[in-house]
Amino acid sequence: MNQWIERIKDEWAQAWTVAVKDVRVYYLRPGMIMFGFLMPFFMFFSFSVRRELGAAEGVARLLALAVFFTAGAAGPFIIPTERRIGTYDRLLAAPMSLLTLLLGKTAVGAFFAIAVSIVALLAGLLFFGATILQPGLLAAGILLGAFSFSTLGLAFGSMPTTNPGDVQMPSTLLRWGLLFISGVFIPLGEMAPVARAIAYLSPLTYAQDVMNHAVLGSGLINPWLDLSVLALSGVLLLWPSIKMHQRARVLGR
Amino acid sequence: MNHAIEVENLTKYYPSAGLRQAQPNGSGQAFLAVDHINFTVEQGEIFGFLGPNGAGKTTTQRMLTTLLTPTEGRILINGHDLARDSYPAKRQLGLVPEESNVYTELTAWDNLMFTASIYRVPRSERAKRAQELLETFGLWEKRAVKTENFSKGMRRRLSIAMAIIHKPSLLFLDEPTPGLDVQSIRAIWELIRRMNAEGTTVFITTHQIEEANQLCGRVAIISRGKIAAIDTPERLKANFRRVQSVEVALEPPEGSESSGGLPGLESLPGVTTQVKVGDKMRLYTEDPSALLPRLIQYAESHALRIVSLNTLGPSLEDVFLEITGGQVGVVGNETQEEKPARRGMGGRK
């Protein structure tokens with residue numbers, strides 16, 4: 001029993017070590033700044049300028065976009081880069097489980113998303129006078145959204161390739177697809193029934209809805225369901241990452 | 001006592017593009033990189049894994065270090081089956097890959113601290129071990145410098161330091177010295193010997209024959225995915241007496257013009273192959289002692305002065321080329337490091 005407790009403590013510490021290392025090594029890389037930091041603001045201003053949007057609505061939308069784009073930027077950039085320069089082998093050969101490694105990598109994207117969300121939130125509060133009605137729900141939404149979207153990015157990063165470009169293209173395409181079918185730009189309540197049914201397929205819909213609950217005080221889905229879907233999708237999206245890592249070990253990439 | 005490494009029937013097929021699974025039944029659609037190999041490495045041994053490029057060396061090493069999944073076969077590391085539970089084996093491994101995989105955005109110190117943490121070196125020992133290693137490798141003064149500013153040799157040394165900070169009982173080195181200056185090579189060899197003397201088993205993958213000759217107690221030669229020979233370097237050489245040779249440097253007497261060649265040298269009785277090595281000729285023969293008087297006679301009859309005359313035992317390179325199918329003297333990569341074992345009449349005559 002003690003042996004297992006020690007092992008779990010070790011694995012926890014290893015995941016943390018991987019995450020902290022990645023934060024130091026990659027957060028200031030141009031790819032991360034471009035796809036992680038600038039992209040959500042770019043998307044926000046592209047689709048929100050000159051539209052009648054209240055401060056609270058704007059903050060809720062910006063937070064959802066920040067969590068979505070930023071969390072998903074790390075995996076597709078970091079893992080193929082590390083595979084290319086050989087540092088990923090060091091991690092794969094280390095005495096830790098694959099799940100530990102993947103959780104460490106997930107945390108990198110999630111931390112980034114949380115940090116950018118805080119920037120977005122402060123901008124909303126200080127410059128646009130927005131208020132937060134349910135801070136606890138907002139924190140939970142940001143945390144679980146960051147986890148879910150980071151594992152989505154990780155699934156792409158786990159593709160057996162050494163070229164980040166091979167991953168970023170399909171990753172960006174999927175994320176844009178999920179963005180446009182979600183309830184970010186067109187509120188769920190205004191969608192046709194078919195479009196709304198499709199919107200429910202995007203985890204971003206639930207992230208946007210929980211932000212709406214927290215900032216606007218209203219949403220279309222039960223916030224507990226929003227949080228549950230985000231948590232569950234995050235866990236389920238680890239599975240393709242594990243399978244692709246196993247595949248990479250067969251292919252030798 | 002457990003073997004440090006025990007490999008049974010190890011096989012690796014790489015699937016061709018588009019195939020979901022490798023085809024181990026010889027359908028011709030998969031590339032066979034390692035073909036049912038068997039070997040053991042004893043604890044405390046320095047074991048060399050030699051082979052030409054593409055022979056299967058790195059594939060084998062990647063399977064031994066859990067980075068690659070075998071198609072068939074079994075690997076035991078210190079008695080632990082890698083397929084069943086790789087965790088205890090991984091704790092005992094150190095890996096120095098062919099590329100020096102250091103984090104260039106971090107300092108040398110931070111690289112070591114990161115690795116120590118990943119390998120769960122006790123917190124109280126991390127700084128002490130990092131300092132010892134940085135001093136050993138001559139990097140202490142550069143500990144706070146980001147490694148993007150390091151030379152290739154410095155990165156290589158740091159990469160090795162990172163692989164041994166947790167004091168592994170089994171160290172894998174993949175091509176540890178190519179491209180390094182002589183001082184760095186000697187320093188790395190010395191470190192490997194010292195670690196081995198302290199009990200670490202060392203598995204070196206290399207195509208640098210002299211490296212294997214200098215370091216390894218036993219070598220395996222792999223060719224086209226199969227182990228062609230395993231033995232001590234000296235026993236391997238002894239089995240290849242037919243690649244003994246006589247090396248001679250001849251020149252015309254002072255004042256006379258050089259004719260530019262040595263006609264008829266190759267047709268001396270007993271000579272199997274003639275190779276020009278710098279300003280010397282190397283004549284391969286099964287019986288050097290019979291060839292020597294004929295050579296002296298040849299020099300006299302052509303009015304040539306013998307500058308030097310040496311008999312050479314088979315080098316590990318000769319053995320390697322014989323086994324891997326390279327023709328002695330034709331491939332003949334006569335490197336500065338690889339000098340055939342000289343004996344007898346060495347020196348200037």
# chains A, B, ... in the order shown; residues from 1 in each chain; ligands from 1
>>> residues_around(residues="region 226-240 of chain A", least_positions_apart="5", cutoff="8 Å", atoms="only C-alpha atoms", output="CSV table (one decimal) with C-alpha atoms, in the first residue's frame")
chain,number,residue,atom,x,y,z
A,102,LEU,CA,0.0,13.3,-20.7
A,140,ALA,CA,-14.9,26.1,-12.4
A,141,GLY,CA,-15.8,26.8,-16.0
A,144,LEU,CA,-12.7,22.5,-16.6
A,145,GLY,CA,-12.8,24.2,-20.0
A,147,PHE,CA,-8.7,20.9,-19.1
A,148,SER,CA,-11.0,19.8,-21.8
A,149,PHE,CA,-9.6,22.0,-24.6
A,150,SER,CA,-6.0,21.2,-23.5
A,151,THR,CA,-6.7,17.4,-23.9
A,152,LEU,CA,-8.2,18.2,-27.3
A,154,LEU,CA,-3.0,17.1,-26.8
A,155,ALA,CA,-4.9,14.5,-29.0
A,203,PRO,CA,-17.6,21.2,-26.1
A,206,TYR,CA,-20.9,24.2,-22.9
A,207,ALA,CA,-17.9,26.4,-22.1
A,209,ASP,CA,-22.9,28.5,-21.7
A,210,VAL,CA,-21.2,28.2,-18.3
A,221,ILE,CA,-28.2,24.5,-20.3
>>> interface_residues(of="chain B", to="chain A", cutoff="6 Å", atoms="only C-alpha atoms", output="MDAnalysis selection string")
chainID B and resid 68:69 87 90:91 101 105 118
>>> atom_distance(atom1="CA of Gly48 (chain B)", atom2="CA of Thr206 (chain B)")
7.1 Å
>>> atom_distance(atom1="CA of Leu171 (chain B)", atom2="CA of Phe203 (chain B)")
6.1 Å
>>> residues_around(residues="region 264-271 of chain B", least_positions_apart="5", cutoff="9 Å", atoms="only C-alpha atoms", output="PyMOL selection string")
chain B and resi 245+283-288+290-291+294-295+298
>>> write_last_selection(atoms="C-alpha atoms", output="JSON list (two decimals), in the first residue's frame")
[["chain", "number", "residue", "atom", "x", "y", "z"],
["B", 245, "SER", "CA", 48.58, -7.91, -43.31],
["B", 283, "LEU", "CA", 49.28, -6.27, -48.27],
["B", 284, "TYR", "CA", 46.73, -8.69, -46.84],
["B", 285, "THR", "CA", 47.95, -12.23, -46.39],
["B", 286, "GLU", "CA", 47.29, -15.34, -44.35],
["B", 287, "ASP", "CA", 51.02, -15.78, -43.69],
["B", 288, "PRO", "CA", 52.91, -12.56, -42.99],
["B", 290, "ALA", "CA", 56.33, -15.95, -45.51],
["B", 291, "LEU", "CA", 55.63, -12.65, -47.21],
["B", 294, "ARG", "CA", 59.58, -11.85, -50.57],
["B", 295, "LEU", "CA", 58.96, -8.19, -49.89],
["B", 298, "TYR", "CA", 61.12, -7.25, -54.16]]
